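Structure below is my_file_14.cif: mmCIF, C-alpha atoms; chains and numbers go by the auth columns.
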data_data
#
loop_
_atom_site.group_PDB
_atom_site.id
_atom_site.type_symbol
_atom_site.label_atom_id
_atom_site.label_comp_id
_atom_site.label_asym_id
_atom_site.label_seq_id
_atom_site.Cartn_x
_atom_site.Cartn_y
_atom_site.Cartn_z
_atom_site.B_iso_or_equiv
_atom_site.auth_seq_id
_atom_site.auth_asym_id
ATOM 1 C CA MET A 1 -53.175 157.363 -152.651 0.00 75 A
ATOM 2 C CA ASP A 2 -52.900 156.528 -156.335 0.00 76 A
ATOM 3 C CA PHE A 3 -50.104 158.813 -157.512 0.00 77 A
ATOM 4 C CA LEU A 4 -49.750 159.657 -161.178 0.00 78 A
ATOM 5 C CA THR A 5 -46.269 159.040 -162.551 0.00 79 A
ATOM 6 C CA ALA A 6 -44.527 160.875 -165.373 0.00 80 A
ATOM 7 C CA GLY A 7 -45.956 160.072 -168.788 0.00 81 A
ATOM 8 C CA THR A 8 -49.248 158.606 -167.554 0.00 82 A
ATOM 9 C CA LEU A 9 -51.576 161.601 -167.185 0.00 83 A
ATOM 10 C CA TRP A 10 -53.285 161.710 -170.563 0.00 84 A
ATOM 11 C CA HIS A 11 -53.587 157.927 -170.872 0.00 85 A
ATOM 12 C CA ARG A 12 -55.260 157.864 -167.473 0.00 86 A
ATOM 13 C CA ALA A 13 -57.458 160.801 -168.447 0.00 87 A
ATOM 14 C CA ARG A 14 -58.670 158.970 -171.557 0.00 88 A
ATOM 15 C CA THR A 15 -59.410 155.700 -169.772 0.00 89 A
ATOM 16 C CA THR A 16 -61.135 157.501 -166.890 0.00 90 A
ATOM 17 C CA TRP A 17 -63.215 159.485 -169.399 0.00 91 A
ATOM 18 C CA GLN A 18 -64.495 156.297 -171.025 0.00 92 A
ATOM 19 C CA ARG A 19 -65.283 154.749 -167.634 0.00 93 A
ATOM 20 C CA ALA A 20 -67.117 157.860 -166.449 0.00 94 A
ATOM 21 C CA LEU A 21 -69.142 158.090 -169.660 0.00 95 A
ATOM 22 C CA ALA A 22 -70.152 154.447 -169.357 0.00 96 A
ATOM 23 C CA SER A 23 -71.226 154.831 -165.728 0.00 97 A
ATOM 24 C CA GLY A 24 -73.091 158.086 -166.257 0.00 98 A
ATOM 25 C CA ALA A 25 -70.812 159.976 -163.872 0.00 99 A
ATOM 26 C CA LEU A 26 -69.790 162.312 -166.706 0.00 100 A
ATOM 27 C CA GLU A 27 -72.390 164.730 -168.111 0.00 101 A
ATOM 28 C CA PRO A 28 -70.753 166.638 -170.985 0.00 102 A
ATOM 29 C CA LEU A 29 -72.140 169.854 -172.368 0.00 103 A
ATOM 30 C CA VAL A 30 -72.823 169.448 -176.084 0.00 104 A
ATOM 31 C CA THR A 31 -71.739 172.527 -178.028 0.00 105 A
ATOM 32 C CA GLU A 32 -71.371 173.797 -181.568 0.00 106 A
ATOM 33 C CA VAL A 33 -68.184 175.730 -182.348 0.00 107 A
ATOM 34 C CA GLU A 34 -68.368 178.998 -184.267 0.00 108 A
ATOM 35 C CA GLU A 35 -65.362 181.094 -185.289 0.00 109 A
ATOM 36 C CA VAL A 36 -65.500 184.857 -184.793 0.00 110 A
ATOM 37 C CA GLU A 37 -62.659 186.946 -186.204 0.00 111 A
ATOM 38 C CA GLU A 38 -61.687 190.442 -185.183 0.00 112 A
ATOM 39 C CA GLY A 39 -58.589 192.299 -186.304 0.00 113 A
ATOM 40 C CA GLY A 40 -56.929 189.124 -187.489 0.00 114 A
ATOM 41 C CA ALA A 41 -57.534 187.358 -184.168 0.00 115 A
ATOM 42 C CA ARG A 42 -59.664 184.223 -184.357 0.00 116 A
ATOM 43 C CA PHE A 43 -61.925 183.402 -181.412 0.00 117 A
ATOM 44 C CA GLN A 44 -63.675 180.090 -180.886 0.00 118 A
ATOM 45 C CA VAL A 45 -67.192 180.606 -179.546 0.00 119 A
ATOM 46 C CA ARG A 46 -68.954 177.504 -178.293 0.00 120 A
ATOM 47 C CA VAL A 47 -72.743 177.584 -178.328 0.00 121 A
ATOM 48 C CA VAL A 48 -74.420 175.216 -175.875 0.00 122 A
ATOM 49 C CA SER A 49 -76.879 173.000 -177.733 0.00 123 A
ATOM 50 C CA SER A 50 -77.804 170.486 -175.033 0.00 124 A
ATOM 51 C CA LEU A 51 -76.831 168.988 -171.715 0.00 125 A
ATOM 52 C CA LEU A 52 -76.839 165.225 -171.426 0.00 126 A
ATOM 53 C CA ALA A 53 -79.294 163.749 -168.964 0.00 127 A
ATOM 54 C CA LYS A 54 -78.763 164.819 -165.375 0.00 128 A
ATOM 55 C CA ALA A 55 -78.732 162.359 -162.493 0.00 129 A
ATOM 56 C CA THR A 56 -82.005 160.553 -161.952 0.00 130 A
ATOM 57 C CA ALA A 57 -84.270 161.426 -159.065 0.00 131 A
ATOM 58 C CA GLY A 58 -83.065 158.372 -157.142 0.00 132 A
ATOM 59 C CA ALA A 59 -79.433 159.453 -157.232 0.00 133 A
ATOM 60 C CA ALA A 60 -77.673 160.944 -154.230 0.00 134 A
ATOM 61 C CA PRO A 61 -78.027 164.741 -153.983 0.00 135 A
ATOM 62 C CA LEU A 62 -75.043 166.868 -154.961 0.00 136 A
ATOM 63 C CA LYS A 63 -72.739 167.833 -152.118 0.00 137 A
ATOM 64 C CA LYS A 64 -72.663 171.447 -151.009 0.00 138 A
ATOM 65 C CA ASP A 65 -68.956 171.374 -151.875 0.00 139 A
ATOM 66 C CA PRO A 66 -68.593 168.982 -154.844 0.00 140 A
ATOM 67 C CA PHE A 67 -64.805 169.044 -154.391 0.00 141 A
ATOM 68 C CA ALA A 68 -64.912 167.897 -150.760 0.00 142 A
ATOM 69 C CA LEU A 69 -63.646 164.402 -150.039 0.00 143 A
ATOM 70 C CA PRO A 70 -64.598 161.727 -150.859 0.00 144 A
ATOM 71 C CA TRP A 71 -64.468 162.501 -154.560 0.00 145 A
ATOM 72 C CA GLU A 72 -66.780 160.739 -157.017 0.00 146 A
ATOM 73 C CA ALA A 73 -64.737 157.616 -157.761 0.00 147 A
ATOM 74 C CA ASP A 74 -65.503 157.380 -161.475 0.00 148 A
ATOM 75 C CA LEU A 75 -64.200 160.930 -162.029 0.00 149 A
ATOM 76 C CA VAL A 76 -60.849 160.452 -160.272 0.00 150 A
ATOM 77 C CA VAL A 77 -57.879 160.308 -162.654 0.00 151 A
ATOM 78 C CA GLY A 78 -55.322 160.029 -159.840 0.00 152 A
ATOM 79 C CA ASP A 79 -53.342 161.938 -157.243 0.00 153 A
ATOM 80 C CA VAL A 80 -50.894 164.532 -158.520 0.00 154 A
ATOM 81 C CA SER A 81 -49.397 164.991 -155.052 0.00 155 A
ATOM 82 C CA ALA A 82 -50.245 164.620 -151.388 0.00 156 A
ATOM 83 C CA THR A 83 -52.136 167.941 -151.619 0.00 157 A
ATOM 84 C CA HIS A 84 -53.848 167.785 -155.027 0.00 158 A
ATOM 85 C CA GLY A 85 -56.027 165.256 -156.809 0.00 159 A
ATOM 86 C CA CYS A 86 -56.751 165.187 -160.532 0.00 160 A
ATOM 87 C CA LEU A 87 -60.424 164.773 -161.457 0.00 161 A
ATOM 88 C CA LEU A 88 -62.445 164.975 -164.622 0.00 162 A
ATOM 89 C CA ASN A 89 -64.768 167.960 -164.846 0.00 163 A
ATOM 90 C CA LYS A 90 -68.220 166.430 -164.351 0.00 164 A
ATOM 91 C CA PHE A 91 -69.858 168.878 -166.789 0.00 165 A
ATOM 92 C CA PRO A 92 -67.128 169.413 -169.394 0.00 166 A
ATOM 93 C CA VAL A 93 -67.203 171.470 -172.558 0.00 167 A
ATOM 94 C CA PHE A 94 -63.820 170.060 -173.633 0.00 168 A
ATOM 95 C CA GLN A 95 -62.954 166.386 -173.873 0.00 169 A
ATOM 96 C CA HIS A 96 -60.569 165.232 -171.121 0.00 170 A
ATOM 97 C CA HIS A 97 -61.054 168.466 -169.155 0.00 171 A
ATOM 98 C CA LEU A 98 -59.083 168.058 -165.908 0.00 172 A
ATOM 99 C CA LEU A 99 -59.472 169.671 -162.489 0.00 173 A
ATOM 100 C CA LEU A 100 -56.584 169.915 -160.023 0.00 174 A
ATOM 101 C CA VAL A 101 -58.380 170.064 -156.685 0.00 175 A
ATOM 102 C CA THR A 102 -56.918 170.681 -153.237 0.00 176 A
ATOM 103 C CA ARG A 103 -57.648 167.807 -150.852 0.00 177 A
ATOM 104 C CA ALA A 104 -58.143 170.225 -147.954 0.00 178 A
ATOM 105 C CA PHE A 105 -60.427 173.184 -148.489 0.00 179 A
ATOM 106 C CA GLU A 106 -58.717 176.370 -149.638 0.00 180 A
ATOM 107 C CA PRO A 107 -60.599 179.405 -150.994 0.00 181 A
ATOM 108 C CA GLN A 108 -60.629 179.941 -154.730 0.00 182 A
ATOM 109 C CA GLU A 109 -59.736 183.603 -154.199 0.00 183 A
ATOM 110 C CA ALA A 110 -56.346 182.672 -152.696 0.00 184 A
ATOM 111 C CA TRP A 111 -53.165 183.146 -154.701 0.00 185 A
ATOM 112 C CA LEU A 112 -51.242 180.101 -155.874 0.00 186 A
ATOM 113 C CA THR A 113 -49.091 178.197 -153.400 0.00 187 A
ATOM 114 C CA ARG A 114 -45.978 176.195 -154.178 0.00 188 A
ATOM 115 C CA ALA A 115 -48.129 173.041 -154.088 0.00 189 A
ATOM 116 C CA ASP A 116 -50.524 174.554 -156.654 0.00 190 A
ATOM 117 C CA GLY A 117 -47.582 175.447 -158.882 0.00 191 A
ATOM 118 C CA GLU A 118 -46.122 171.954 -158.630 0.00 192 A
ATOM 119 C CA ALA A 119 -49.458 170.311 -159.499 0.00 193 A
ATOM 120 C CA LEU A 120 -49.950 172.573 -162.510 0.00 194 A
ATOM 121 C CA ARG A 121 -46.353 172.222 -163.704 0.00 195 A
ATOM 122 C CA PHE A 122 -46.628 168.433 -163.554 0.00 196 A
ATOM 123 C CA CYS A 123 -49.642 168.465 -165.860 0.00 197 A
ATOM 124 C CA LEU A 124 -48.137 170.965 -168.284 0.00 198 A
ATOM 125 C CA GLY A 125 -45.082 168.720 -168.632 0.00 199 A
ATOM 126 C CA GLU A 126 -47.054 165.634 -169.621 0.00 200 A
ATOM 127 C CA GLY A 127 -46.772 166.145 -173.364 0.00 201 A
ATOM 128 C CA GLY A 128 -49.112 167.300 -176.110 0.00 202 A
ATOM 129 C CA ASP A 129 -50.948 170.595 -176.170 0.00 203 A
ATOM 130 C CA ALA A 130 -52.053 171.512 -172.651 0.00 204 A
ATOM 131 C CA LEU A 131 -53.556 174.790 -171.484 0.00 205 A
ATOM 132 C CA GLY A 132 -53.810 175.355 -167.748 0.00 206 A
ATOM 133 C CA PHE A 133 -56.037 178.021 -166.283 0.00 207 A
ATOM 134 C CA PHE A 134 -57.257 179.406 -162.991 0.00 208 A
ATOM 135 C CA ASN A 135 -60.257 181.576 -162.193 0.00 209 A
ATOM 136 C CA GLY A 136 -59.347 183.580 -159.105 0.00 210 A
ATOM 137 C CA GLY A 137 -62.754 183.908 -157.443 0.00 211 A
ATOM 138 C CA ALA A 138 -66.354 184.283 -158.543 0.00 212 A
ATOM 139 C CA GLY A 139 -65.572 187.681 -160.060 0.00 213 A
ATOM 140 C CA ALA A 140 -63.156 185.954 -162.434 0.00 214 A
ATOM 141 C CA GLY A 141 -65.567 183.238 -163.570 0.00 215 A
ATOM 142 C CA ALA A 142 -65.080 180.598 -160.854 0.00 216 A
ATOM 143 C CA SER A 143 -68.191 178.491 -160.259 0.00 217 A
ATOM 144 C CA GLN A 144 -66.967 176.793 -157.049 0.00 218 A
ATOM 145 C CA PRO A 145 -65.380 178.287 -153.901 0.00 219 A
ATOM 146 C CA HIS A 146 -63.090 175.267 -153.294 0.00 220 A
ATOM 147 C CA LYS A 147 -59.668 175.921 -154.850 0.00 221 A
ATOM 148 C CA HIS A 148 -59.057 174.164 -158.150 0.00 222 A
ATOM 149 C CA LEU A 149 -56.921 174.730 -161.209 0.00 223 A
ATOM 150 C CA GLN A 150 -57.940 173.386 -164.611 0.00 224 A
ATOM 151 C CA VAL A 151 -56.167 171.860 -167.607 0.00 225 A
ATOM 152 C CA VAL A 152 -57.561 171.221 -171.084 0.00 226 A
ATOM 153 C CA PRO A 153 -55.734 169.535 -173.989 0.00 227 A
ATOM 154 C CA MET A 154 -55.817 172.417 -176.442 0.00 228 A
ATOM 155 C CA LYS A 155 -53.854 175.384 -177.753 0.00 229 A
ATOM 156 C CA ALA A 156 -54.953 178.929 -177.005 0.00 230 A
ATOM 157 C CA PRO A 157 -56.590 180.282 -180.170 0.00 231 A
ATOM 158 C CA LEU A 158 -55.220 183.753 -179.320 0.00 232 A
ATOM 159 C CA GLU A 159 -51.656 182.597 -178.679 0.00 233 A
ATOM 160 C CA PRO A 160 -50.156 184.619 -181.577 0.00 234 A
ATOM 161 C CA LEU A 161 -51.866 187.763 -180.279 0.00 235 A
ATOM 162 C CA LEU A 162 -50.834 187.044 -176.684 0.00 236 A
ATOM 163 C CA ARG A 163 -47.214 186.403 -177.614 0.00 237 A
ATOM 164 C CA SER A 164 -47.115 189.680 -179.549 0.00 238 A
ATOM 165 C CA GLY A 165 -48.350 191.673 -176.536 0.00 239 A
ATOM 166 C CA ARG A 166 -51.559 192.850 -178.226 0.00 240 A
ATOM 167 C CA LEU A 167 -54.088 191.707 -175.620 0.00 241 A
ATOM 168 C CA PRO A 168 -56.148 194.899 -175.033 0.00 242 A
ATOM 169 C CA VAL A 169 -56.314 194.683 -171.218 0.00 243 A
ATOM 170 C CA ARG A 170 -53.801 194.968 -168.384 0.00 244 A
ATOM 171 C CA HIS A 171 -51.800 191.772 -168.076 0.00 245 A
ATOM 172 C CA ARG A 172 -48.402 190.193 -167.543 0.00 246 A
ATOM 173 C CA LEU A 173 -46.957 187.584 -169.892 0.00 247 A
ATOM 174 C CA VAL A 174 -43.812 185.765 -168.744 0.00 248 A
ATOM 175 C CA ASP A 175 -41.957 182.558 -169.569 0.00 249 A
ATOM 176 C CA THR A 176 -43.142 179.489 -167.674 0.00 250 A
ATOM 177 C CA PRO A 177 -40.541 178.327 -165.143 0.00 251 A
ATOM 178 C CA LYS A 178 -39.394 174.728 -165.271 0.00 252 A
ATOM 179 C CA ASP A 179 -40.378 173.973 -161.673 0.00 253 A
ATOM 180 C CA GLY A 180 -43.582 174.465 -159.716 0.00 254 A
ATOM 181 C CA ALA A 181 -42.140 176.550 -156.907 0.00 255 A
ATOM 182 C CA SER A 182 -40.803 179.125 -159.359 0.00 256 A
ATOM 183 C CA LEU A 183 -44.107 179.051 -161.248 0.00 257 A
ATOM 184 C CA ALA A 184 -45.998 180.101 -158.110 0.00 258 A
ATOM 185 C CA VAL A 185 -43.395 182.817 -157.450 0.00 259 A
ATOM 186 C CA GLU A 186 -43.783 184.214 -160.985 0.00 260 A
ATOM 187 C CA VAL A 187 -47.560 184.352 -160.636 0.00 261 A
ATOM 188 C CA THR A 188 -47.262 186.127 -157.286 0.00 262 A
ATOM 189 C CA LYS A 189 -44.809 188.622 -158.781 0.00 263 A
ATOM 190 C CA ALA A 190 -47.148 189.311 -161.695 0.00 264 A
ATOM 191 C CA LEU A 191 -50.114 189.873 -159.361 0.00 265 A
ATOM 192 C CA THR A 192 -48.013 192.196 -157.213 0.00 266 A
ATOM 193 C CA ASP A 193 -46.745 194.145 -160.227 0.00 267 A
ATOM 194 C CA LEU A 194 -50.315 194.502 -161.479 0.00 268 A
ATOM 195 C CA ARG A 195 -51.395 195.734 -158.022 0.00 269 A
ATOM 196 C CA VAL A 196 -54.003 193.007 -157.583 0.00 270 A
ATOM 197 C CA ALA A 197 -55.193 193.114 -153.972 0.00 271 A
ATOM 198 C CA PRO A 198 -55.585 189.849 -152.034 0.00 272 A
ATOM 199 C CA GLY A 199 -59.097 188.539 -152.657 0.00 273 A
ATOM 200 C CA ALA A 200 -59.576 190.579 -155.841 0.00 274 A
ATOM 201 C CA PRO A 201 -60.508 188.620 -159.000 0.00 275 A
ATOM 202 C CA TRP A 202 -57.883 187.559 -161.536 0.00 276 A
ATOM 203 C CA ASN A 203 -57.214 184.927 -164.177 0.00 277 A
ATOM 204 C CA LEU A 204 -54.267 182.766 -165.105 0.00 278 A
ATOM 205 C CA LEU A 205 -53.471 181.006 -168.366 0.00 279 A
ATOM 206 C CA ALA A 206 -50.444 178.709 -168.558 0.00 280 A
ATOM 207 C CA THR A 207 -48.664 176.551 -171.111 0.00 281 A
ATOM 208 C CA ARG A 208 -45.268 174.866 -171.002 0.00 282 A
ATOM 209 C CA ASP A 209 -43.848 178.051 -172.555 0.00 283 A
ATOM 210 C CA TRP A 210 -45.714 181.042 -171.113 0.00 284 A
ATOM 211 C CA LEU A 211 -47.852 182.313 -168.259 0.00 285 A
ATOM 212 C CA LEU A 212 -50.471 185.056 -168.572 0.00 286 A
ATOM 213 C CA VAL A 213 -51.962 186.854 -165.553 0.00 287 A
ATOM 214 C CA VAL A 214 -54.978 189.144 -166.053 0.00 288 A
ATOM 215 C CA PRO A 215 -56.661 191.229 -163.317 0.00 289 A
ATOM 216 C CA ARG A 216 -60.433 191.519 -163.625 0.00 290 A
ATOM 217 C CA ARG A 217 -62.923 194.321 -163.115 0.00 291 A
ATOM 218 C CA ALA A 218 -66.135 192.417 -163.979 0.00 292 A
ATOM 219 C CA GLU A 219 -67.288 188.807 -164.143 0.00 293 A
ATOM 220 C CA ALA A 220 -69.483 189.277 -167.204 0.00 294 A
ATOM 221 C CA TRP A 221 -70.218 191.436 -170.211 0.00 295 A
ATOM 222 C CA ALA A 222 -73.999 191.981 -170.334 0.00 296 A
ATOM 223 C CA ASP A 223 -75.321 188.469 -169.571 0.00 297 A
ATOM 224 C CA LEU A 224 -72.232 186.637 -170.860 0.00 298 A
ATOM 225 C CA SER A 225 -69.991 185.190 -168.159 0.00 299 A
ATOM 226 C CA VAL A 226 -66.280 185.127 -169.040 0.00 300 A
ATOM 227 C CA ASN A 227 -63.614 183.008 -167.355 0.00 301 A
ATOM 228 C CA ALA A 228 -59.869 182.668 -167.999 0.00 302 A
ATOM 229 C CA LEU A 229 -60.422 180.889 -171.310 0.00 303 A
ATOM 230 C CA GLY A 230 -61.913 184.080 -172.738 0.00 304 A
ATOM 231 C CA PHE A 231 -58.406 185.578 -172.751 0.00 305 A
ATOM 232 C CA ALA A 232 -57.202 182.459 -174.565 0.00 306 A
ATOM 233 C CA GLY A 233 -59.765 183.166 -177.300 0.00 307 A
ATOM 234 C CA SER A 234 -62.430 180.682 -176.195 0.00 308 A
ATOM 235 C CA LEU A 235 -65.888 181.895 -175.180 0.00 309 A
ATOM 236 C CA LEU A 236 -68.941 179.894 -174.114 0.00 310 A
ATOM 237 C CA VAL A 237 -72.424 181.234 -174.878 0.00 311 A
ATOM 238 C CA LYS A 238 -75.759 179.756 -173.878 0.00 312 A
ATOM 239 C CA THR A 239 -77.817 180.992 -176.814 0.00 313 A
ATOM 240 C CA ARG A 240 -77.534 181.966 -180.461 0.00 314 A
ATOM 241 C CA GLY A 241 -78.631 185.428 -179.384 0.00 315 A
ATOM 242 C CA GLN A 242 -75.533 185.781 -177.217 0.00 316 A
ATOM 243 C CA LEU A 243 -73.386 184.587 -180.126 0.00 317 A
ATOM 244 C CA GLU A 244 -74.838 187.214 -182.447 0.00 318 A
ATOM 245 C CA ARG A 245 -74.241 189.963 -179.871 0.00 319 A
ATOM 246 C CA VAL A 246 -70.597 188.886 -179.630 0.00 320 A
ATOM 247 C CA ARG A 247 -70.357 189.020 -183.434 0.00 321 A
ATOM 248 C CA ASP A 248 -71.969 192.462 -183.517 0.00 322 A
ATOM 249 C CA VAL A 249 -69.744 194.153 -180.925 0.00 323 A
ATOM 250 C CA GLY A 250 -66.609 192.072 -181.480 0.00 324 A
ATOM 251 C CA PRO A 251 -65.080 189.703 -178.911 0.00 325 A
ATOM 252 C CA MET A 252 -62.321 192.187 -178.054 0.00 326 A
ATOM 253 C CA LYS A 253 -64.971 194.501 -176.593 0.00 327 A
ATOM 254 C CA VAL A 254 -66.094 191.623 -174.390 0.00 328 A
ATOM 255 C CA LEU A 255 -62.529 191.170 -173.079 0.00 329 A
ATOM 256 C CA ARG A 256 -62.079 194.911 -172.519 0.00 330 A
ATOM 257 C CA ALA A 257 -65.344 194.993 -170.548 0.00 331 A
ATOM 258 C CA VAL A 258 -64.248 192.304 -168.079 0.00 332 A
ATOM 259 C CA GLY A 259 -60.538 193.106 -167.935 0.00 333 A
ATOM 260 C CA GLN A 260 -58.915 196.307 -166.722 0.00 334 A
ATOM 261 C CA PRO A 261 -58.098 199.180 -169.099 0.00 335 A
ATOM 262 C CA GLY A 262 -54.655 199.249 -170.660 0.00 336 A
ATOM 263 C CA ALA A 263 -52.416 196.693 -172.276 0.00 337 A
ATOM 264 C CA GLU A 264 -49.385 196.589 -170.002 0.00 338 A
ATOM 265 C CA ALA A 265 -47.202 193.603 -170.725 0.00 339 A
ATOM 266 C CA SER A 266 -43.712 192.426 -169.925 0.00 340 A
#
Any chance you could give the structure as structure tokens?
Amino acid sequence: MDFLTAGTLWHRARTTWQRALASGALEPLVTEVEEVEEGGARFQVRVVSSLLAKATAGAAPLKKDPFALPWEADLVVGDVSATHGCLLNKFPVFQHHLLLVTRAFEPQEAWLTRADGEALRFCLGEGGDALGFFNGGAGAGASQPHKHLQVVPMKAPLEPLLRSGRLPVRHRLVDTPKDGASLAVEVTKALTDLRVAPGAPWNLLATRDWLLVVPRRAEAWADLSVNALGFAGSLLVKTRGQLERVRDVGPMKVLRAVGQPGAEAS
């Protein structure tokens, strides 16, 4: 194993990104960013404009489980632990978008384990702006059934609103523990307090300072899929028509449609 050591994550992410771009292993989504404001909250809406060329016909077919070992070598940043590897997202919207993937298959619907918490906490402690997130099942925006957390080097556009407790759906916001075991415990406590049943969809956002847990009631509003980043203030739309519908109704309506009614916070 090639274990990442403290202080190396983002350097390795940058060098791996350049290698993967050069080899064609990385196929970024090209987007245009639009800002949509509602009630003083500023959302970033990314409109997909193109997808770089997909693999040629002569390339190996995609695996049924793209996160099953062996991982695509040019996408591997390193091993976070004996249980989790760090990979680049093959089809990223954000530069240096990382995936924390379990080496052995675990279902994406499962709650976080101590090992998940330790992998996420390691990445959040690596300096700079880092936003971790987790989509707990297909009903929460997950596109793969193999358990993976995600980290992007960005701030949450809605952080001021989140910190003030004004997110208009049921949620729990707590301080991020300093160690991974306690992080997993806090997430479990939040899910229990919110009465999220095992296997039910939910989202997690995490920074070095705070954790947000949001139970879900729907995967999408109309034809717009929403994952955890929606509650951070970042939405991805496929067409200008979807963007205009978000402008017309307001992005808060989108969040209320996919989250659960109420604004419980602690």
*Apply the PyMOL selection byres ((chain A and resi 147) around 12) to the structure shown and report the selected residues as a PyMOL selection string.*
chain A and resi 76+90-91+93-94+97-100+141+143-146+148-152+159-162+164
Might you pull out every residue within 9 Å of Ala178 in chain A, with only C-alpha atoms counted and same-chain residues fewer than 5 positions away left off, and present them as a ChimeraX atom specification?
/A:142-143,157-158,220
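Of the listed residues A:Pro289, A:Pro102, A:Gly213, A:Gly114, the one whose atoms come nearest to Val243 in chain A is A:Pro289, with distances taken using all atoms listed in the file.
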(request) Identify all residues satisfying the PyMOL selection byres ((chain A and resi 113) around 12) in the given file; provide them as number ranges by chain. (result) A: 110-112, 114-117, 232, 235, 240-242, 324-327
Writing out the chosen residues with C-alpha atoms as an mmCIF file, in the coordinates of the input:
data_model
loop_
_atom_site.group_PDB
_atom_site.id
_atom_site.type_symbol
_atom_site.label_atom_id
_atom_site.label_comp_id
_atom_site.auth_asym_id
_atom_site.auth_seq_id
_atom_site.Cartn_x
_atom_site.Cartn_y
_atom_site.Cartn_z
ATOM 1 C CA VAL A 110 -65.500 184.857 -184.793
ATOM 2 C CA GLU A 111 -62.659 186.946 -186.204
ATOM 3 C CA GLU A 112 -61.687 190.442 -185.183
ATOM 4 C CA GLY A 114 -56.929 189.124 -187.489
ATOM 5 C CA ALA A 115 -57.534 187.358 -184.168
ATOM 6 C CA ARG A 116 -59.664 184.223 -184.357
ATOM 7 C CA PHE A 117 -61.925 183.402 -181.412
ATOM 8 C CA LEU A 232 -55.220 183.753 -179.320
ATOM 9 C CA LEU A 235 -51.866 187.763 -180.279
ATOM 10 C CA ARG A 240 -51.559 192.850 -178.226
ATOM 11 C CA LEU A 241 -54.088 191.707 -175.620
ATOM 12 C CA PRO A 242 -56.148 194.899 -175.033
ATOM 13 C CA GLY A 324 -66.609 192.072 -181.480
ATOM 14 C CA PRO A 325 -65.080 189.703 -178.911
ATOM 15 C CA MET A 326 -62.321 192.187 -178.054
ATOM 16 C CA LYS A 327 -64.971 194.501 -176.593
#
From the list A:Gly273, A:Pro166, A:Gly191, A:Gly211, the nearest residue to Val226 in chain A using only C-alpha atoms is A:Pro166
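Straight-line separation from CA of Gly239 in chain A to CA of Asn277 in chain A: 16.6 Å.
Using all atoms listed in the file, the shortest contact distance between Gln218 in chain A and any of A:Asn163, A:Arg246, A:Ala264, A:Ala230 is found at A:Asn163.
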Please write the residues picked by the PyMOL selection byres ((chain A and resi 287) around 9) on this file as a PDB file with C-alpha atoms, in the frame of the given file.
ATOM      1  CA  ARG A 244     -53.801 194.968-168.384  1.00  0.00           C
ATOM      2  CA  HIS A 245     -51.800 191.772-168.076  1.00  0.00           C
ATOM      3  CA  ARG A 246     -48.402 190.193-167.543  1.00  0.00           C
ATOM      4  CA  LEU A 247     -46.957 187.584-169.892  1.00  0.00           C
ATOM      5  CA  VAL A 248     -43.812 185.765-168.744  1.00  0.00           C
ATOM      6  CA  VAL A 261     -47.560 184.352-160.636  1.00  0.00           C
ATOM      7  CA  ALA A 264     -47.148 189.311-161.695  1.00  0.00           C
ATOM      8  CA  LEU A 265     -50.114 189.873-159.361  1.00  0.00           C
ATOM      9  CA  LEU A 268     -50.315 194.502-161.479  1.00  0.00           C
ATOM     10  CA  TRP A 276     -57.883 187.559-161.536  1.00  0.00           C
ATOM     11  CA  ASN A 277     -57.214 184.927-164.177  1.00  0.00           C
ATOM     12  CA  LEU A 278     -54.267 182.766-165.105  1.00  0.00           C
ATOM     13  CA  LEU A 279     -53.471 181.006-168.366  1.00  0.00           C
ATOM     14  CA  ALA A 280     -50.444 178.709-168.558  1.00  0.00           C
ATOM     15  CA  LEU A 285     -47.852 182.313-168.259  1.00  0.00           C
ATOM     16  CA  LEU A 286     -50.471 185.056-168.572  1.00  0.00           C
ATOM     17  CA  VAL A 288     -54.978 189.144-166.053  1.00  0.00           C
ATOM     18  CA  PRO A 289     -56.661 191.229-163.317  1.00  0.00           C
TER      19      PRO A 289
END
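Atom pair CA of Leu83 in chain A / CA of Leu309 in chain A: separated by 26.1 Å.
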Practice prompt. Kindly indicate which residue among A:Gln182, A:Gln118, A:Ser256, A:Asn209 lies nearest to Val225 in chain A, using only C-alpha atoms for the distances.
Written response: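 Using only C-alpha atoms, the shortest distance to Val225 in chain A belongs to A:Asn209.
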CA of Cys197 in chain A to CA of Phe165 in chain A measures 20.2 Å
In terms of the shortest atom-to-atom distance over all atoms listed in the file, which of A:Ser308, A:Thr262, A:Gln316, A:Gln92 is closest to Ala184 in chain A?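 So, comparing all the options, the nearest one is A:Thr262.
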Using only C-alpha atoms, can you tell me which of A:Arg188, A:Arg290, A:Arg88, A:His170 comes closest to Ala302 in chain A?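 That would be A:Arg290, the residue with the smallest distance to Ala302 in chain A.
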Listed atoms of range 172-176 of chain A boxed along x, y and z, 5 Å each side, centre and edge lengths in Å, one decimal, as AutoDock Vina command-line options:
--center_x -58.0 --center_y 169.4 --center_z -159.6 --size_x 12.9 --size_y 12.6 --size_z 22.7
